[in-house]
Amino acid sequence: MITLADLPLRADLIGAEPYGAPQLVVPVVLNVNENPYPPSEVVRREMADAVVDAAAGLNRYPDREALELRRDLASYLGHGLGPDNIWVANGSNEIMSHLLTAFGGPGRRVLAFTPTYSMYPEYARNTCTQYVTVSRHPDFTLDADLICDAIDEQQPTVVLITTPNNPTGTTTSLEVIDEVCRRSDVIVVVDEAYQEFARTPSALELLQKHPRLVVSRTMSKAFALAGGRVGYLAAHPAVVDACRIVRLPYHLSAQTQAVARVALRHSDELLGRVDELAGTARDFEAWLRTRGYAVVDSEANFTLFGRFADRHDVWQQLLDRGILIRETGPEGFLRASAGTPAEMAALRDALDDITPTMQTDTTTQGETA
């Protein structure tokens, strides 16, 4: 018998732990920003039929270009995009991995602005790209000068701008993104995983102006398709070609492509809860403020709140009551997804029951997510 320590693991992976938010069977799951409402029975049956149809050809490899799905995604996004502007993969995780494999790598840097999505450093590590960060403003926002100064200092080849940002829910305006693209020649990746929930316009509006701009999206959140594993990007066709070079052959299964196309045909229904979930998150934030919590203004389907003297203790006390939220973001904060009315009521009741101790010093922003 051998252990991991006995294997010739890459030096930069020694001591690393696999990523993963807790997957626990509890009554209320509000930790990974999922849509709590599954597809309807009608949509599920159509998805099942599509999988059955795809199964007739499972002895053959799937369309490695996923051309029909890319055409459907282009139609969904609009903005004059065609299938040559779209790339699709197994979740936005693989989209980011493709981008950093193509434009990162040894001797290159990717720049992000903390606190932000906790998977970014892992994408960088896995592609042997140096991960560098600069802190956001104290209110977790970004402006063009902060971003461009960081680009000048760090000299990255890829910059990640997450809007709405995870875990804070704060957004970055089109004016800021436009100015950054005008003032730099880096690959600017705007991660819009939660854009359907946001009031701020999408960076898709800027794609025709900036050939090095990339907009990343996912079907995991608003589309209630987290289990389907479908992420995609919109960009200049040259960026898509770069991703095609580094993708694994046949990286997107025939079943995945079939299910995603059904979801897009029913986009009106699947997105029908988006406004409700955004409103649920905003209502929860208003309730938190009446209880004296610090709350970050969010445009996503989640809320970052605190400041707890011992956030892990609060997280554990909620879990003991059957409620799972996320211990992430700046020190002293927790993040909760928008759930069903019953789930949110349970969370509010549990917080009232716990009456946690709060920090008295609120001058520190925290360093990571």
# chains A, B, ... in the order shown; residues from 1 in each chain; ligands from 1

$ residues_around --residues "A:Ala350" --least-positions-apart "4" --cutoff "8 Å" --atoms "only C-alpha atoms" --output "list of chain:residue names"
A:Leu318, A:Arg321, A:Ala346, A:Ile354

$ residues_around --residues "stretch 192-195 of chain A" --least-positions-apart "4" --cutoff "10 Å" --atoms "only C-alpha atoms" --output "PyMOL selection string"
chain A and resi 33+92+161-166+169+171+199-204+215-222+231-233+299-302

$ residues_around --residues "stretch 136-139 of chain A" --least-positions-apart "6" --cutoff "8 Å" --atoms "only C-alpha atoms" --output "list in words"
Phe113, Thr114, Pro115, Val296 and Gln365 of chain A

$ write_last_selection --atoms "all heavy atoms" --output "compact mmCIF listing (two decimals), in the first residue's frame"
# COMPACT_ATOMS: atom_id res chain seq x y z
N PHE A 113 -8.89 40.19 -8.51
CA PHE A 113 -9.09 41.24 -7.51
C PHE A 113 -9.88 40.67 -6.34
O PHE A 113 -11.03 40.28 -6.48
CB PHE A 113 -9.80 42.44 -8.14
CG PHE A 113 -9.03 43.01 -9.30
CD1 PHE A 113 -9.25 42.54 -10.59
CD2 PHE A 113 -8.05 43.96 -9.09
CE1 PHE A 113 -8.52 43.03 -11.66
CE2 PHE A 113 -7.30 44.45 -10.16
CZ PHE A 113 -7.54 43.99 -11.44
N THR A 114 -9.22 40.59 -5.20
CA THR A 114 -9.79 39.92 -4.03
C THR A 114 -10.56 40.90 -3.15
O THR A 114 -10.26 42.09 -3.12
CB THR A 114 -8.67 39.26 -3.22
OG1 THR A 114 -7.68 40.24 -2.91
CG2 THR A 114 -8.04 38.12 -3.98
N PRO A 115 -11.56 40.34 -2.41
CA PRO A 115 -11.98 38.94 -2.41
C PRO A 115 -12.74 38.59 -3.67
O PRO A 115 -13.51 39.39 -4.19
CB PRO A 115 -12.89 38.84 -1.18
CG PRO A 115 -13.44 40.22 -1.02
CD PRO A 115 -12.35 41.15 -1.44
N VAL A 296 -23.26 43.36 2.43
CA VAL A 296 -22.67 43.89 1.22
C VAL A 296 -23.76 44.00 0.15
O VAL A 296 -24.52 43.04 -0.07
CB VAL A 296 -21.53 42.98 0.72
CG1 VAL A 296 -20.94 43.53 -0.58
CG2 VAL A 296 -20.45 42.86 1.78
N GLN A 365 -10.86 44.56 5.84
CA GLN A 365 -11.66 44.02 4.76
C GLN A 365 -11.54 42.51 4.68
O GLN A 365 -12.45 41.84 4.22
CB GLN A 365 -11.23 44.66 3.43
CG GLN A 365 -11.89 44.05 2.21
CD GLN A 365 -11.49 44.78 0.96
OE1 GLN A 365 -11.64 45.98 0.82
NE2 GLN A 365 -10.95 44.05 0.02

$ atom_distance --atom1 "atom CA of A:Val180" --atom2 "atom CA of A:Tyr76"
26.6 Å

$ atom_distance --atom1 "atom CA of A:Glu46" --atom2 "atom CA of A:Ala260"
11.1 Å

$ select_by_dssp --residues "stretch 259-366 of chain A" --states "helix (DSSP H, G or I)" --output "PyMOL selection string"
chain A and resi 259-265+267-270+274-290+311-320+341-354

$ closest_residue --among "A:Glu175, A:Glu327, A:Asp152, A:Asp6" --to "A:Glu205" --atoms "only C-alpha atoms"
A:Glu175

$ closest_residue --among "A:Leu304, A:Leu225, A:Leu252, A:Ala238" --to "A:Leu213" --atoms "only C-alpha atoms"
A:Ala238

$ closest_residue --among "A:Gln208, A:Ser253, A:Gln154, A:Thr355" --to "A:Phe308" --atoms "only C-alpha atoms"
A:Thr355

$ closest_residue --among "A:Ile95, A:Leu142, A:Ala338, A:Ala224" --to "A:Ala278" --atoms "only C-alpha atoms"
A:Ala338

$ residues_around --residues "A:Arg229" --least-positions-apart "2" --cutoff "6 Å" --atoms "only C-alpha atoms" --output "VMD selection string"
chain A and resid 90 to 91 226 to 227

$ closest_residue --among "A:Val32, A:Val110, A:Val214, A:Val246" --to "A:Arg335" --atoms "only C-alpha atoms"
A:Val32

$ residues_around --residues "stretch 155-160 of chain A" --least-positions-apart "3" --cutoff "8 Å" --atoms "only C-alpha atoms" --output "number ranges by chain"
A: 100, 103-104, 108-113, 150-152, 186-191

$ write_last_selection --atoms "N, CA, C and O atoms" --output "tab-separated table (two decimals), in the first residue's frame"
chain	number	residue	atom	x	y	z
A	100	LEU	N	-6.91	29.80	-19.52
A	100	LEU	CA	-5.59	29.92	-18.91
A	100	LEU	C	-4.59	28.95	-19.54
A	100	LEU	O	-3.39	29.22	-19.55
A	103	PHE	N	-3.80	31.09	-22.78
A	103	PHE	CA	-3.21	32.42	-22.65
A	103	PHE	C	-2.35	32.58	-21.40
A	103	PHE	O	-1.72	33.62	-21.22
A	104	GLY	N	-2.33	31.58	-20.53
A	104	GLY	CA	-1.48	31.60	-19.36
A	104	GLY	C	-0.30	30.65	-19.56
A	104	GLY	O	0.30	30.61	-20.63
A	108	ARG	N	3.89	33.17	-17.19
A	108	ARG	CA	2.82	34.15	-17.42
A	108	ARG	C	1.99	34.30	-16.14
A	108	ARG	O	1.98	33.43	-15.29
A	109	ARG	N	1.26	35.42	-16.08
A	109	ARG	CA	0.47	35.73	-14.89
A	109	ARG	C	-0.99	35.95	-15.23
A	109	ARG	O	-1.32	36.47	-16.31
A	110	VAL	N	-1.86	35.59	-14.29
A	110	VAL	CA	-3.26	35.95	-14.34
A	110	VAL	C	-3.55	36.82	-13.12
A	110	VAL	O	-3.12	36.50	-12.01
A	111	LEU	N	-4.25	37.91	-13.33
A	111	LEU	CA	-4.52	38.89	-12.28
A	111	LEU	C	-5.99	38.85	-11.90
A	111	LEU	O	-6.87	38.87	-12.77
A	112	ALA	N	-6.26	38.79	-10.59
A	112	ALA	CA	-7.63	38.86	-10.07
A	112	ALA	C	-7.68	39.87	-8.93
A	112	ALA	O	-6.63	40.31	-8.43
A	113	PHE	N	-8.89	40.19	-8.51
A	113	PHE	CA	-9.09	41.24	-7.51
A	113	PHE	C	-9.88	40.67	-6.34
A	113	PHE	O	-11.03	40.28	-6.48
A	150	ALA	N	-2.95	48.04	-11.56
A	150	ALA	CA	-2.55	46.67	-11.24
A	150	ALA	C	-1.98	45.96	-12.46
A	150	ALA	O	-1.01	45.19	-12.36
A	151	ILE	N	-2.56	46.21	-13.64
A	151	ILE	CA	-2.03	45.62	-14.87
A	151	ILE	C	-0.62	46.13	-15.13
A	151	ILE	O	0.29	45.36	-15.47
A	152	ASP	N	-0.42	47.43	-14.97
A	152	ASP	CA	0.91	48.01	-15.18
A	152	ASP	C	1.93	47.42	-14.22
A	152	ASP	O	3.08	47.16	-14.59
A	186	VAL	N	-4.22	43.25	-22.65
A	186	VAL	CA	-4.32	41.93	-22.05
A	186	VAL	C	-5.64	41.27	-22.47
A	186	VAL	O	-6.53	41.91	-23.03
A	187	ILE	N	-5.75	39.97	-22.21
A	187	ILE	CA	-7.03	39.28	-22.35
A	187	ILE	C	-7.86	39.61	-21.12
A	187	ILE	O	-7.49	39.26	-19.99
A	188	VAL	N	-8.95	40.32	-21.31
A	188	VAL	CA	-9.83	40.71	-20.21
A	188	VAL	C	-11.00	39.74	-20.17
A	188	VAL	O	-11.84	39.74	-21.08
A	189	VAL	N	-11.05	38.91	-19.13
A	189	VAL	CA	-12.13	37.94	-18.98
A	189	VAL	C	-13.12	38.48	-17.97
A	189	VAL	O	-12.78	38.68	-16.79
A	190	VAL	N	-14.34	38.75	-18.42
A	190	VAL	CA	-15.41	39.21	-17.54
A	190	VAL	C	-16.26	37.99	-17.19
A	190	VAL	O	-16.94	37.44	-18.06
A	191	ASP	N	-16.17	37.56	-15.95
A	191	ASP	CA	-16.88	36.37	-15.48
A	191	ASP	C	-18.28	36.79	-15.04
A	191	ASP	O	-18.46	37.40	-13.99

$ closest_residue --among "A:Asp313, A:Asp268, A:Asp352, A:Asp12" --to "A:Gln130" --atoms "only C-alpha atoms"
A:Asp12

$ select_by_dssp --residues "stretch 8-251 of chain A" --states "strand (DSSP E)" --output "ChimeraX atom specification"
/A:28-29,86-89,109-114,130-135,158-162,187-191,213-218,231-234

$ residues_around --residues "stretch 341-343 of chain A" --least-positions-apart "5" --cutoff "12 Å" --atoms "only C-alpha atoms" --output "short mmCIF file (atom, residue, chain, number, x, y, z; two decimals) with N, CA and C atoms, in the first residue's frame"
data_model
loop_
_atom_site.label_atom_id
_atom_site.label_comp_id
_atom_site.auth_asym_id
_atom_site.auth_seq_id
_atom_site.Cartn_x
_atom_site.Cartn_y
_atom_site.Cartn_z
N VAL A 26 -28.84 17.86 4.25
CA VAL A 26 -29.53 18.60 5.31
C VAL A 26 -30.80 19.19 4.70
N PRO A 27 -31.75 19.60 5.54
CA PRO A 27 -33.02 20.12 5.00
C PRO A 27 -32.89 21.40 4.18
N VAL A 28 -31.95 22.28 4.54
CA VAL A 28 -31.84 23.58 3.88
C VAL A 28 -30.42 23.74 3.35
N VAL A 29 -30.27 23.75 2.02
CA VAL A 29 -28.96 23.85 1.38
C VAL A 29 -28.89 25.19 0.65
N LEU A 30 -28.09 26.11 1.20
CA LEU A 30 -27.98 27.47 0.67
C LEU A 30 -26.52 27.89 0.56
N ASN A 31 -25.65 26.96 0.17
CA ASN A 31 -24.22 27.25 0.24
C ASN A 31 -23.53 27.41 -1.11
N PRO A 36 -32.87 27.01 -6.45
CA PRO A 36 -33.49 25.96 -5.65
C PRO A 36 -34.68 25.29 -6.31
N TYR A 37 -35.10 25.80 -7.49
CA TYR A 37 -36.27 25.27 -8.17
C TYR A 37 -35.84 24.41 -9.37
N GLU A 276 -37.50 36.59 -9.06
CA GLU A 276 -37.96 36.21 -7.73
C GLU A 276 -36.78 35.93 -6.80
N LEU A 277 -35.79 35.19 -7.30
CA LEU A 277 -34.64 34.84 -6.46
C LEU A 277 -33.81 36.08 -6.14
N GLY A 279 -35.00 39.07 -5.89
CA GLY A 279 -35.80 39.77 -4.88
C GLY A 279 -35.72 39.12 -3.52
N THR A 280 -35.66 37.78 -3.51
CA THR A 280 -35.52 37.06 -2.24
C THR A 280 -34.22 37.44 -1.55
N ALA A 281 -33.14 37.52 -2.33
CA ALA A 281 -31.84 37.89 -1.75
C ALA A 281 -31.88 39.32 -1.22
N ASP A 283 -34.52 41.00 -0.21
CA ASP A 283 -35.38 41.03 0.98
C ASP A 283 -34.63 40.50 2.20
N PHE A 284 -33.84 39.46 1.99
CA PHE A 284 -33.06 38.91 3.10
C PHE A 284 -32.04 39.93 3.59
N ARG A 321 -28.63 23.09 13.02
CA ARG A 321 -30.08 23.26 12.87
C ARG A 321 -30.56 22.86 11.48
N GLY A 322 -29.68 22.18 10.73
CA GLY A 322 -30.07 21.67 9.42
C GLY A 322 -29.98 22.66 8.30
N ILE A 323 -29.18 23.73 8.48
CA ILE A 323 -29.06 24.79 7.48
C ILE A 323 -27.60 24.92 7.07
N LEU A 324 -27.33 24.73 5.77
CA LEU A 324 -25.97 24.80 5.25
C LEU A 324 -25.80 26.05 4.42
N ILE A 325 -24.95 26.98 4.90
CA ILE A 325 -24.55 28.13 4.10
C ILE A 325 -23.04 28.06 3.89
N ALA A 336 -24.92 33.35 1.99
CA ALA A 336 -26.11 32.52 1.88
C ALA A 336 -26.76 32.73 0.52
N ARG A 348 -33.74 32.65 8.67
CA ARG A 348 -33.99 33.81 9.52
C ARG A 348 -34.28 33.37 10.97
N ASP A 349 -35.11 32.35 11.13
CA ASP A 349 -35.44 31.88 12.48
C ASP A 349 -34.19 31.37 13.19
N ALA A 350 -33.33 30.67 12.45
CA ALA A 350 -32.12 30.14 13.06
C ALA A 350 -31.18 31.26 13.49
#
